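Colleague: Let me begin by handing over the structure; questions about it come next.
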Amino acid sequence: MAGDVQIGPLDGGRVFRAALWQVRRDLAWATRIAAAVGRGIGALMIVAGVIVFFTWGAFGGVWLALIGWFVLGAAGSEARLLSLRNALGGLVVGDLTRRHAIAAQADQTLRDFMAEVPWGDDSAGYPVLDGRLVDEVALVAELLPEGSTLHGLGLGSPENLVSSWRAGYGIFDCTLPTRNARRGVLYTDLDSAALGARGFYRHVNLGDERWVREKGPLDPTCDCEMCTTLPAAYVAHLFRVEDVLAGTLGSLHNLRFYTRLVDALRERSSP
Ligand SMILES: [Zn+2]
């Protein structure tokens with residue numbers, strides 16, 4: 001039945017659009033005109049169907065109106081599809097996704113994870129790492145000749161660092177500690193006796209209200225420049241007023257956290 005209707009987005013509509021395209025060689029214009037004509041005809045069919053039904057009581061009128069309603073909707077969706085295609089034309093996946101998504105560890109507490117998420121973050125979701133990354137890293141270590149120097153490029157979270165160290169990696173290189181520091185996310189309370197266990201360190205967020213009045217150091221266990229000379233409230237203030245010094249001090253602290261972490265690993269075992 002619908003195949004006989006030569007309008008809108010249906011077969012006849014496509015032929016009509018192709019004829020229009022011949023005129024200007026412009027698909028967008030041809031689709032717009034064809035869709036508008038399709039919508040017009042759909043609306044006319046509805047009106048005609050209603051008149052036929054109420055004037056002559058013919059059931060065929062209802063049928064005609066229903067087909068008109070279908071044509072109207074289909075022509076509209078064709079036009080919407082085209083505008084969507086125009087709006088998204090030329091975009092690549094990287095334009096619409098985040099290159100540096102905040103990832104959660106599967107065994108991390110929700111509170112610790114939320115401390116990592118900066119204020120005002122509008123991500124719709126966060127990837128969860130369930131340890132498979134480290135499994136693959138360990139497999140690579142096994143496949144390489146014995147005695148190879150293993151460099152864990154981009155393995156940045158303290159958990160991944162501990163696991164990779166245990167898999168034999170001895171050199172690490174990752175932007176995570178300084179990137180987190182610039183976002184106000186700092187690592188604290190390193191428990192060298194429980195490396196790799198749940199809660200062997202904490203994440204804190206400088207934007208968190210609780211730091212505003214903290215006169216003590218951000219991390220009493222840390223011997224970095226920031227923790228030994230400045231109250232946490234001052235650093236939190238720098239962060240709130242977006243002073244670049246906050247990122248510098250935070251980077252010093254996070255890097256010191258990592259060197260302390262690696263020192264603790266070295267004390268216990270060689271990679
Ligand atoms: Zn520190």
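Chain labels follow the order of the structure tokens: the first chain is A, the next B, and so on; residue numbering restarts at 1 in every chain, and ligands are counted from 1 in their shown order.
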6 Å from ligand 1 is the threshold here; counting only C-alpha atoms and all ligand atoms, which polymer residues fall inside it? Answer as a list of chain:residue names.
Modeller: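 Residues lying within 6 Å of ligand 1: A:Asp219, A:Cys222, A:Asp223, A:Cys224, A:Met226, A:Cys227, A:His253.
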Colleague: For N, CA and C atoms, I'd like the residues from the last selection saved as a JSON list (two decimals), in the first residue's frame.
Modeller:
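Below you can see again.json, which holds the result:
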```json
[["chain", "number", "residue", "atom", "x", "y", "z"],
["A", 219, "ASP", "N", 49.21, 16.83, 54.48],
["A", 219, "ASP", "CA", 49.53, 15.43, 54.75],
["A", 219, "ASP", "C", 50.64, 15.38, 55.81],
["A", 222, "CYS", "N", 53.94, 13.58, 55.21],
["A", 222, "CYS", "CA", 54.79, 13.92, 54.06],
["A", 222, "CYS", "C", 55.86, 14.94, 54.45],
["A", 223, "ASP", "N", 57.06, 14.81, 53.84],
["A", 223, "ASP", "CA", 58.15, 15.74, 54.15],
["A", 223, "ASP", "C", 58.43, 16.68, 52.98],
["A", 224, "CYS", "N", 57.44, 16.90, 52.11],
["A", 224, "CYS", "CA", 57.69, 17.79, 50.95],
["A", 224, "CYS", "C", 57.66, 19.25, 51.38],
["A", 226, "MET", "N", 55.73, 21.67, 50.51],
["A", 226, "MET", "CA", 54.41, 22.19, 50.82],
["A", 226, "MET", "C", 53.95, 21.75, 52.22],
["A", 227, "CYS", "N", 54.07, 20.46, 52.48],
["A", 227, "CYS", "CA", 53.54, 19.93, 53.75],
["A", 227, "CYS", "C", 54.35, 20.39, 54.95],
["A", 253, "HIS", "N", 54.29, 18.01, 45.89],
["A", 253, "HIS", "CA", 53.79, 17.05, 46.87],
["A", 253, "HIS", "C", 53.53, 15.68, 46.23]]
```
Colleague: Find the residues around Asp263 in chain A up to 12 Å (only C-alpha atoms counted), leave out those fewer than 3 positions away in its own chain, and share them as number ranges by chain.
Modeller: A: 162, 165, 170, 190, 192, 195, 256-260, 266-271
Colleague: For Ala43 in chain A, find every residue with an atom within 9 Å (counting only C-alpha atoms), except residues of its own chain fewer than 6 positions away, and show them as a VMD selection string.
Modeller: chain A and resid 65 68 to 69 71 to 72
Colleague: Using only C-alpha atoms, which of A:Met45, A:Thr109, A:Asp26, A:Ile102 sits nearest Pro127 in chain A?
Modeller: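 Closest to Pro127 in chain A of all the choices is A:Ile102.
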Colleague: Skipping near chain neighbours, those fewer than 6 positions away, what residues fall within 8 Å of range 228-237 of chain A using only C-alpha atoms, listed as a list of chain:residue names?
Modeller: A:Leu206, A:Gly207, A:Trp211, A:Val212, A:Arg213, A:Glu214, A:Lys215, A:Gly216, A:Pro217, A:Leu218, A:Cys222, A:Ala246, A:Leu249
Colleague: Save the residues we just selected, C-alpha atoms, as an mmCIF file, in the first residue's frame?
Modeller:
```
data_model
loop_
_atom_site.group_PDB
_atom_site.id
_atom_site.type_symbol
_atom_site.label_atom_id
_atom_site.label_comp_id
_atom_site.auth_asym_id
_atom_site.auth_seq_id
_atom_site.Cartn_x
_atom_site.Cartn_y
_atom_site.Cartn_z
ATOM 1 C CA LEU A 206 41.924 20.709 47.494
ATOM 2 C CA GLY A 207 38.538 22.118 46.466
ATOM 3 C CA TRP A 211 40.588 22.234 53.839
ATOM 4 C CA VAL A 212 39.457 25.840 54.073
ATOM 5 C CA ARG A 213 40.112 26.023 57.845
ATOM 6 C CA GLU A 214 42.833 23.369 58.188
ATOM 7 C CA LYS A 215 45.762 25.038 59.904
ATOM 8 C CA GLY A 216 47.878 21.883 59.871
ATOM 9 C CA PRO A 217 49.677 20.424 56.875
ATOM 10 C CA LEU A 218 47.702 18.707 54.132
ATOM 11 C CA CYS A 222 54.790 13.916 54.062
ATOM 12 C CA ALA A 246 48.724 25.763 43.826
ATOM 13 C CA LEU A 249 53.051 23.043 45.167
#
```
Colleague: Enumerate the residues of range 31-152 of chain A with a DSSP assignment of alpha helix (DSSP H), computed from the backbone, and present them as a PyMOL selection string.
Modeller: chain A and resi 31-56+59-88+93-96+110-116+132-143
Colleague: To one decimal place, how far is CA of Ala30 in chain A from CA of Trp63 in chain A in Å?
Modeller: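 Computing it gives 29.1 Å between the two atoms.
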Colleague: Can you tell me, as a ChimeraX atom specification, what residues are no more than 12 Å from Leu81 in chain A when counting only C-alpha atoms, ignoring any on the same chain fewer than 5 positions away?
Modeller: /A:9,28,31-32,35,74-76,86-89
Colleague: Could you write out the selected residues, including C-alpha atoms, as a PDB file, in the first residue's frame?
Modeller:
```pdb
ATOM      1  CA  PRO A   9      10.606   9.724   1.900  1.00  0.00           C
ATOM      2  CA  ALA A  28      20.605  19.215   1.154  1.00  0.00           C
ATOM      3  CA  THR A  31      16.034  16.810   0.534  1.00  0.00           C
ATOM      4  CA  ARG A  32      14.578  19.938   2.151  1.00  0.00           C
ATOM      5  CA  ALA A  35      10.583  16.658   2.619  1.00  0.00           C
ATOM      6  CA  ALA A  74       8.407   9.979   7.809  1.00  0.00           C
ATOM      7  CA  ALA A  75       9.079  13.165   5.826  1.00  0.00           C
ATOM      8  CA  GLY A  76       9.920  14.990   9.058  1.00  0.00           C
ATOM      9  CA  ASN A  86      25.128  18.179   8.426  1.00  0.00           C
ATOM     10  CA  ALA A  87      25.702  19.055  12.087  1.00  0.00           C
ATOM     11  CA  LEU A  88      28.007  16.067  12.654  1.00  0.00           C
ATOM     12  CA  GLY A  89      29.757  16.212   9.278  1.00  0.00           C
TER      13      GLY A  89
END
```
Colleague: Tell me, in Å to one decimal, how far CA of Leu186 in chain A is from CA of Cys174 in chain A.
Modeller: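 CA of Leu186 in chain A sits 15.2 Å away from CA of Cys174 in chain A.
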